[in-house]
Amino acid sequence: MTTDLTRLRTLLDEGTPVNWVCTGDSITHGLIHTQGARNYVDHLHELIRGDMSRVQDVIIDTAISGWRIVQLLEDFDRRVAAWHPHVVTLMIGTNDCSTAGVFPVIEPAEFAASVTEFVARVRALGAIPVLQTQPAIDVRNAPERARIAEFAQAIRDVAAAQDVILIDQFARFAELGQERPGGIPWGMMNDPFHPNAAGHAALALGVAEALGLGAGSESRVLTHLRDRMLIAR
């Protein structure tokens, strides 16, 4: 158990009202691809403020579609610091790994350095950083993002080096798709790299399990998420 996870458990056990900031790119932004259903941050909101009865907690989604880590660093005050967070989750890299578009091509090492800076800034606020790898994608139909696995590994490396809580969504989606054509969990994707409603259920469950949210309770949210995944598989 990381030091940060111990700190989080203490916050939750003491009943301290917690400000949760979830940031990143379009996957966390959660628009369009769920087709009106809840995204993973919405599920966490219901789990934390509903099932867990933590009604004074606040869950904020500041992610922006299309963004990269450098943009989050440039807009850190608005995206993160302004909300006085206790916990900050970051899922980023699906755009950073791309070799197409208007942004310059960057290497995994550059990306890792920026994520490390993000972690340092979060800790300077006194908050707990939580890193998530990006979901695995259909590289055959998104060849410009063929380096996605390298960028997921960069996130893992930063988490290990900085002793940060890691939620390995990339590995989870790869496992869910291992028996499917192309190794993709098609029932959880809306396009080659955006999860659909079922995919967001999987993401939310990954966060909940890693952070121990709702553990040991008869959580209707966790039950719903598990059922939603089973149907999609």
# chains A, B, ... in the order shown; residues from 1 in each chain; ligands from 1

call {"tool": "residues_around", "arguments": {"residues": "Gln132 in chain A", "least_positions_apart": "5", "cutoff": "9 Å", "atoms": "only C-alpha atoms", "output": "number ranges by chain"}}
result
A: 89-92, 152, 155-156, 165-170, 207

call {"tool": "residues_around", "arguments": {"residues": "Phe173 in chain A", "least_positions_apart": "6", "cutoff": "12 Å", "atoms": "only C-alpha atoms", "output": "ChimeraX atom specification"}}
result
/A:133-138,149,167,179-180,183-189,193-195,198-203,205-206,229,233

call {"tool": "write_last_selection", "arguments": {"atoms": "N, CA, C and O atoms", "output": "short mmCIF file (atom, residue, chain, number, x, y, z; two decimals), in the first residue's frame"}}
result
data_model
loop_
_atom_site.label_atom_id
_atom_site.label_comp_id
_atom_site.auth_asym_id
_atom_site.auth_seq_id
_atom_site.Cartn_x
_atom_site.Cartn_y
_atom_site.Cartn_z
N THR A 133 -3.68 4.85 -16.18
CA THR A 133 -3.30 4.64 -17.56
C THR A 133 -4.53 4.77 -18.45
O THR A 133 -5.67 4.65 -17.98
N GLN A 134 -4.29 5.01 -19.73
CA GLN A 134 -5.37 5.16 -20.68
C GLN A 134 -5.93 3.79 -21.04
O GLN A 134 -5.20 2.81 -21.04
N PRO A 135 -7.22 3.68 -21.37
CA PRO A 135 -7.73 2.39 -21.84
C PRO A 135 -7.01 1.95 -23.12
O PRO A 135 -6.65 2.79 -23.96
N ALA A 136 -6.81 0.66 -23.28
CA ALA A 136 -6.25 0.13 -24.52
C ALA A 136 -7.19 0.46 -25.67
O ALA A 136 -8.41 0.55 -25.49
N ILE A 137 -6.65 0.64 -26.87
CA ILE A 137 -7.46 1.09 -28.00
C ILE A 137 -7.27 0.17 -29.21
O ILE A 137 -6.42 -0.72 -29.23
N ASP A 138 -8.10 0.43 -30.21
CA ASP A 138 -8.04 -0.31 -31.47
C ASP A 138 -7.01 0.37 -32.39
O ASP A 138 -7.36 1.25 -33.18
N ALA A 149 0.62 2.06 -25.97
CA ALA A 149 1.16 1.18 -24.92
C ALA A 149 2.42 1.78 -24.29
O ALA A 149 2.64 1.64 -23.08
N ILE A 167 -3.89 3.29 -11.17
CA ILE A 167 -5.04 2.50 -11.63
C ILE A 167 -4.76 2.15 -13.09
O ILE A 167 -4.77 3.02 -13.96
N GLU A 179 -9.86 -12.06 -25.52
CA GLU A 179 -10.50 -13.15 -26.27
C GLU A 179 -11.37 -12.63 -27.42
O GLU A 179 -12.11 -13.40 -28.01
N ARG A 180 -11.24 -11.33 -27.72
CA ARG A 180 -12.03 -10.73 -28.78
C ARG A 180 -11.17 -10.48 -30.01
O ARG A 180 -9.94 -10.38 -29.92
N GLY A 183 -8.12 -8.19 -30.04
CA GLY A 183 -7.79 -7.92 -28.65
C GLY A 183 -8.47 -6.70 -28.08
O GLY A 183 -7.99 -6.10 -27.12
N ILE A 184 -9.62 -6.32 -28.66
CA ILE A 184 -10.34 -5.12 -28.25
C ILE A 184 -11.67 -5.51 -27.61
O ILE A 184 -12.42 -6.31 -28.17
N PRO A 185 -12.00 -4.95 -26.45
CA PRO A 185 -13.30 -5.22 -25.84
C PRO A 185 -14.39 -4.42 -26.54
O PRO A 185 -14.85 -3.38 -26.05
N TRP A 186 -14.80 -4.89 -27.70
CA TRP A 186 -15.68 -4.11 -28.57
C TRP A 186 -16.97 -3.68 -27.88
O TRP A 186 -17.50 -2.60 -28.18
N GLY A 187 -17.48 -4.49 -26.97
CA GLY A 187 -18.72 -4.12 -26.29
C GLY A 187 -18.56 -2.94 -25.36
O GLY A 187 -19.56 -2.44 -24.83
N MET A 188 -17.33 -2.49 -25.16
CA MET A 188 -17.08 -1.37 -24.25
C MET A 188 -16.53 -0.15 -24.96
O MET A 188 -16.13 0.82 -24.30
N MET A 189 -16.52 -0.16 -26.29
CA MET A 189 -15.96 0.95 -27.05
C MET A 189 -17.01 1.56 -27.96
O MET A 189 -17.84 0.86 -28.55
N PHE A 193 -10.97 4.58 -29.80
CA PHE A 193 -10.29 4.92 -28.55
C PHE A 193 -11.16 5.61 -27.50
O PHE A 193 -10.65 6.04 -26.46
N HIS A 194 -12.46 5.69 -27.71
CA HIS A 194 -13.36 6.24 -26.69
C HIS A 194 -14.26 5.15 -26.14
O HIS A 194 -15.01 4.53 -26.89
N PRO A 195 -14.22 4.92 -24.83
CA PRO A 195 -15.14 3.94 -24.22
C PRO A 195 -16.59 4.40 -24.34
O PRO A 195 -16.88 5.61 -24.31
N ALA A 198 -20.72 1.24 -21.26
CA ALA A 198 -20.20 0.06 -20.56
C ALA A 198 -18.73 0.23 -20.23
O ALA A 198 -18.26 -0.19 -19.17
N GLY A 199 -17.98 0.84 -21.15
CA GLY A 199 -16.58 1.09 -20.90
C GLY A 199 -16.38 2.03 -19.73
O GLY A 199 -15.45 1.86 -18.92
N HIS A 200 -17.25 3.03 -19.62
CA HIS A 200 -17.15 3.94 -18.48
C HIS A 200 -17.52 3.24 -17.18
O HIS A 200 -16.97 3.57 -16.11
N ALA A 201 -18.42 2.28 -17.24
CA ALA A 201 -18.71 1.47 -16.05
C ALA A 201 -17.45 0.72 -15.62
O ALA A 201 -17.14 0.63 -14.42
N ALA A 202 -16.72 0.18 -16.60
CA ALA A 202 -15.47 -0.52 -16.29
C ALA A 202 -14.44 0.42 -15.69
O ALA A 202 -13.72 0.05 -14.73
N LEU A 203 -14.33 1.63 -16.23
CA LEU A 203 -13.39 2.61 -15.69
C LEU A 203 -13.74 2.96 -14.25
O LEU A 203 -12.87 3.01 -13.37
N LEU A 205 -15.43 1.21 -12.09
CA LEU A 205 -15.18 0.07 -11.21
C LEU A 205 -13.69 -0.05 -10.91
O LEU A 205 -13.30 -0.36 -9.78
N GLY A 206 -12.86 0.22 -11.92
CA GLY A 206 -11.42 0.18 -11.70
C GLY A 206 -10.97 1.19 -10.65
O GLY A 206 -10.14 0.87 -9.78
N MET A 229 -20.87 -4.41 -16.98
CA MET A 229 -19.71 -4.99 -17.65
C MET A 229 -20.00 -6.40 -18.14
O MET A 229 -19.62 -6.76 -19.25
N ARG A 233 -19.74 -7.74 -22.06
CA ARG A 233 -18.77 -8.76 -22.43
C ARG A 233 -19.45 -9.91 -23.16
O ARG A 233 -18.83 -10.63 -23.92
#

call {"tool": "select_by_dssp", "arguments": {"residues": "range 134-198 of chain A", "states": "strand (DSSP E or B)", "output": "JSON list (two decimals) with C-alpha atoms, in the first residue's frame"}}
result
[["chain", "number", "residue", "atom", "x", "y", "z"],
["A", 165, "ILE", "CA", -1.46, 5.36, -6.55],
["A", 166, "LEU", "CA", -1.84, 3.71, -9.97],
["A", 167, "ILE", "CA", -5.04, 2.50, -11.63],
["A", 189, "MET", "CA", -15.96, 0.95, -27.05],
["A", 195, "PRO", "CA", -15.14, 3.94, -24.22]]

call {"tool": "atom_distance", "arguments": {"atom1": "CA of Asp163 in chain A", "atom2": "CA of Thr2 in chain A"}}
result
6.3 Å

call {"tool": "select_by_dssp", "arguments": {"residues": "range 1-229 of chain A", "states": "alpha helix (DSSP H)", "output": "count of residues only"}}
result
98

call {"tool": "residues_around", "arguments": {"residues": "Gln162 in chain A", "least_positions_apart": "3", "cutoff": "8 Å", "atoms": "only C-alpha atoms", "output": "VMD selection string"}}
result
chain A and resid 116 158 to 159

call {"tool": "residues_around", "arguments": {"residues": "Ile128 in chain A", "least_positions_apart": "3", "cutoff": "10 Å", "atoms": "only C-alpha atoms", "output": "MDAnalysis selection string"}}
result
chainID A and resid 3:5 7:8 20 85:89 119 122:125 164:165

call {"tool": "atom_distance", "arguments": {"atom1": "CA of Arg68 in chain A", "atom2": "CA of Gly126 in chain A"}}
result
23.6 Å

call {"tool": "residues_around", "arguments": {"residues": "Gly66 in chain A", "least_positions_apart": "6", "cutoff": "10 Å", "atoms": "only C-alpha atoms", "output": "JSON, numbers by chain"}}
result
{"A": [24, 25, 26, 27, 29, 92, 94, 95, 96]}

call {"tool": "write_last_selection", "arguments": {"atoms": "C-alpha atoms", "output": "PDB file, in the first residue's frame"}}
result
ATOM      1  CA  GLY A  24      -7.583  14.622 -18.235  1.00  0.00           C
ATOM      2  CA  ASP A  25      -8.823  14.463 -21.815  1.00  0.00           C
ATOM      3  CA  SER A  26     -12.013  13.419 -23.608  1.00  0.00           C
ATOM      4  CA  ILE A  27     -12.265  10.070 -21.847  1.00  0.00           C
ATOM      5  CA  HIS A  29     -14.609  14.686 -20.005  1.00  0.00           C
ATOM      6  CA  ILE A  92      -4.033  11.461 -19.942  1.00  0.00           C
ATOM      7  CA  THR A  94      -4.424   9.172 -25.602  1.00  0.00           C
ATOM      8  CA  ASN A  95      -3.782  12.462 -27.411  1.00  0.00           C
ATOM      9  CA  ASP A  96      -0.166  12.795 -26.276  1.00  0.00           C
TER      10      ASP A  96
END

call {"tool": "residues_around", "arguments": {"residues": "range 70-80 of chain A", "least_positions_apart": "5", "cutoff": "7 Å", "atoms": "only C-alpha atoms", "output": "list in words"}}
result
Val21, Thr62, Ser114 and Phe118 of chain A

call {"tool": "write_last_selection", "arguments": {"atoms": "C-alpha atoms", "output": "short mmCIF file (atom, residue, chain, number, x, y, z; two decimals), in the first residue's frame"}}
result
data_model
loop_
_atom_site.label_atom_id
_atom_site.label_comp_id
_atom_site.auth_asym_id
_atom_site.auth_seq_id
_atom_site.Cartn_x
_atom_site.Cartn_y
_atom_site.Cartn_z
CA VAL A 21 -10.85 16.58 -8.87
CA THR A 62 -12.30 19.41 -15.18
CA SER A 114 5.42 16.32 -17.68
CA PHE A 118 1.97 17.33 -12.58
#

call {"tool": "residues_around", "arguments": {"residues": "Thr223 in chain A", "least_positions_apart": "2", "cutoff": "12 Å", "atoms": "only C-alpha atoms", "output": "list in words"}}
result
His43, Leu47, Asp51, Ala201, Ala202, Ala204, Leu205, Ala208, Gly214, Ala215, Ser217, Glu218, Ser219, Arg220, Val221, Leu225, Arg226, Asp227, Arg228, Met229 and Leu230 of chain A

call {"tool": "atom_distance", "arguments": {"atom1": "CA of Trp67 in chain A", "atom2": "CA of Gly212 in chain A"}}
result
28.8 Å
